[in-house]
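Structure file protein.tsv (TSV, C-alpha atoms) follows.
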```
chain	number	residue	atom	x	y	z
A	28	MET	CA	2.85	30.69	-26.21
A	29	LYS	CA	-0.80	29.86	-26.59
A	30	PHE	CA	-1.73	26.53	-25.02
A	31	THR	CA	-5.38	26.39	-26.07
A	32	THR	CA	-8.53	28.31	-26.96
A	33	ILE	CA	-11.94	27.36	-25.59
A	34	ASN	CA	-15.14	28.81	-27.07
A	35	LEU	CA	-18.16	28.62	-24.75
A	36	GLY	CA	-21.17	30.30	-26.31
A	37	ASP	CA	-20.25	33.97	-26.75
A	38	ASN	CA	-17.17	33.65	-24.52
A	39	LYS	CA	-13.65	32.95	-25.72
A	40	ILE	CA	-11.12	31.69	-23.17
A	41	GLU	CA	-7.46	31.69	-24.25
A	42	VAL	CA	-4.79	30.00	-22.18
A	43	PHE	CA	-1.13	30.99	-22.46
A	44	ASN	CA	1.83	29.29	-20.79
A	45	SER	CA	5.42	30.53	-21.04
A	46	PHE	CA	8.60	28.52	-20.73
A	47	ILE	CA	9.39	30.33	-17.47
A	48	GLY	CA	6.13	29.17	-15.87
A	49	ARG	CA	3.91	32.22	-16.41
A	50	GLU	CA	0.28	31.18	-16.92
A	51	THR	CA	-2.22	33.68	-18.31
A	52	ILE	CA	-5.97	33.30	-18.79
A	53	VAL	CA	-7.56	35.72	-21.26
A	54	LEU	CA	-11.36	36.03	-21.45
A	55	ASN	CA	-12.76	37.85	-24.48
A	56	GLY	CA	-9.47	39.67	-25.02
A	57	LYS	CA	-8.95	40.73	-21.37
A	58	VAL	CA	-6.53	39.14	-18.92
A	59	VAL	CA	-8.59	37.70	-16.04
A	60	SER	CA	-5.86	35.71	-14.25
A	61	GLU	CA	-2.07	35.47	-14.21
A	62	LYS	CA	0.08	33.21	-12.05
A	63	SER	CA	3.61	31.90	-11.98
A	64	SER	CA	3.96	28.18	-11.54
A	65	ILE	CA	6.27	25.36	-12.53
A	66	THR	CA	3.89	22.51	-11.73
A	67	GLY	CA	0.59	24.17	-12.67
A	68	ALA	CA	-1.86	26.52	-10.97
A	69	THR	CA	-5.54	27.09	-10.31
A	70	HIS	CA	-7.10	30.23	-11.78
A	71	HIS	CA	-10.40	31.74	-10.62
A	72	PHE	CA	-12.36	34.25	-12.69
A	73	LYS	CA	-15.92	35.22	-13.57
A	74	MET	CA	-17.66	35.49	-16.92
A	75	ILE	CA	-21.08	36.55	-18.14
A	76	GLU	CA	-23.25	33.81	-19.61
A	77	ASN	CA	-26.94	34.30	-20.47
A	78	ASP	CA	-26.87	37.69	-18.67
A	79	GLN	CA	-25.66	36.02	-15.44
A	80	GLU	CA	-22.28	36.07	-13.76
A	81	VAL	CA	-20.71	32.60	-13.64
A	82	ALA	CA	-17.79	31.66	-11.39
A	83	CYS	CA	-15.09	29.74	-13.27
A	84	LYS	CA	-12.11	27.72	-12.15
A	85	PHE	CA	-9.39	26.73	-14.61
A	86	ILE	CA	-6.66	24.29	-13.54
A	87	LEU	CA	-3.43	23.69	-15.44
A	88	GLY	CA	-1.16	20.86	-14.38
A	89	TYR	CA	0.87	17.93	-15.61
A	90	GLY	CA	-0.27	14.41	-16.31
A	91	LEU	CA	1.29	11.30	-17.72
A	92	ASN	CA	0.97	12.64	-21.28
A	93	GLY	CA	2.07	16.20	-20.57
A	94	VAL	CA	0.07	19.32	-19.73
A	95	VAL	CA	-3.52	18.71	-18.61
A	96	MET	CA	-6.34	21.14	-17.92
A	97	SER	CA	-9.70	21.24	-16.24
A	98	LEU	CA	-12.41	23.91	-16.49
A	99	TYR	CA	-15.33	24.25	-14.09
A	100	LYS	CA	-18.32	26.62	-14.30
A	101	ASP	CA	-20.18	27.02	-11.00
A	102	ASN	CA	-18.26	23.95	-9.74
A	103	LYS	CA	-19.58	21.80	-12.60
A	104	PRO	CA	-17.00	20.25	-14.93
A	105	VAL	CA	-16.87	21.51	-18.51
A	106	ILE	CA	-13.47	19.95	-19.25
A	107	GLU	CA	-11.91	17.54	-16.79
A	108	SER	CA	-8.49	15.93	-17.11
A	109	GLN	CA	-6.88	13.40	-14.84
A	110	LYS	CA	-3.64	14.42	-13.19
A	111	SER	CA	-1.03	11.81	-12.53
A	112	ILE	CA	0.37	11.69	-9.01
A	113	PHE	CA	3.24	9.57	-10.33
A	114	PHE	CA	4.36	12.28	-12.78
A	115	GLY	CA	4.30	14.92	-10.05
A	116	PHE	CA	6.37	12.70	-7.77
A	117	VAL	CA	8.95	12.09	-10.52
A	118	PHE	CA	9.10	15.82	-11.31
A	119	LEU	CA	9.69	16.80	-7.68
A	120	THR	CA	12.27	14.03	-7.26
A	121	LEU	CA	14.22	15.32	-10.25
A	122	ILE	CA	14.15	18.85	-8.85
A	123	CYS	CA	15.48	17.61	-5.49
A	124	PHE	CA	18.30	15.69	-7.18
A	125	GLY	CA	19.13	18.82	-9.18
A	126	PHE	CA	19.40	20.92	-6.01
A	127	VAL	CA	21.61	18.30	-4.35
A	128	PHE	CA	23.84	18.12	-7.44
A	129	PHE	CA	24.29	21.89	-7.68
A	130	TYR	CA	24.83	22.20	-3.92
A	131	ASN	CA	27.63	19.63	-4.14
A	132	VAL	CA	29.19	21.34	-7.14
A	133	ILE	CA	29.08	24.83	-5.62
A	134	PHE	CA	30.05	24.07	-2.01
A	135	HIS	CA	32.53	21.19	-2.47
```

Will you turn the file into structure tokens for me?
Amino acid sequence: MKFTTINLGDNKIEVFNSFIGRETIVLNGKVVSEKSSITGATHHFKMIENDQEVACKFILGYGLNGVVMSLYKDNKPVIESQKSIFFGFVFLTLICFGFVFFYNVIFH
């Protein structure tokens, strides 16, 4: 499903995130990055802006209020969201408890 659309001048960045953790970045109708991640990933791609190639970094992750994102052009923030370390800790703790629970159910 589409997470967001960002219009920067003549460029259109679309961000998709599936329920199985597949993240896709589409720039002007072309896929420029795809990654699988449960906790979020960092995507690197390049776009043309004012007849110059610009390095971009797009970060998807989780914060206290849900999914957060940050976008950088030439290492300068365009969109910057704060990630919550607490939320990541809780998420990983729940995954560990899930593994322990299923291990005990299967092997005992």

List as a PyMOL selection string the protein and nucleic acid residues near stretch 62-76 of chain A, meaning an atom at most 6 Å away when all atoms listed in the file are counted, but skip any in the same chain fewer than 5 places from it. chain A and resi 48-50+81-88

Coordinates-based distance that separates atom CA of A:Thr31 from atom CA of A:Phe46 (Å, one decimal): 15.1 Å

Can you tell me, as number ranges by chain, what residues are no more than 7 Å from A:Asn55 when counting all atoms listed in the file, ignoring any on the same chain fewer than 3 positions away? A: 38-40

With a distance cut-off of 6 Å and only C-alpha atoms, select the neighbouring residues of A:Phe43, excluding the residue or stretch itself and same-chain residues fewer than 3 positions from it, and output the selection as a list in words. Met28, Lys29, Phe30, Glu50 and Thr51 of chain A

I'd like the neighbourhood of A:Glu41 as a ChimeraX atom specification, where a residue qualifies if any of its atoms comes within 6 Å (using all atoms listed in the file), though same-chain residues fewer than 2 positions away should be ignored. /A:31-32,52-53

Return the single residue from A:Phe124, A:Gly36, A:Gln109, A:Ser45 that is closest to A:Tyr89, with distances computed using all atoms listed in the file. A:Gln109

Pick from A:Thr120, A:Asn34, A:Ser60, A:Asn44, whichever lies nearest to A:Ile106 using all atoms listed in the file: A:Asn34
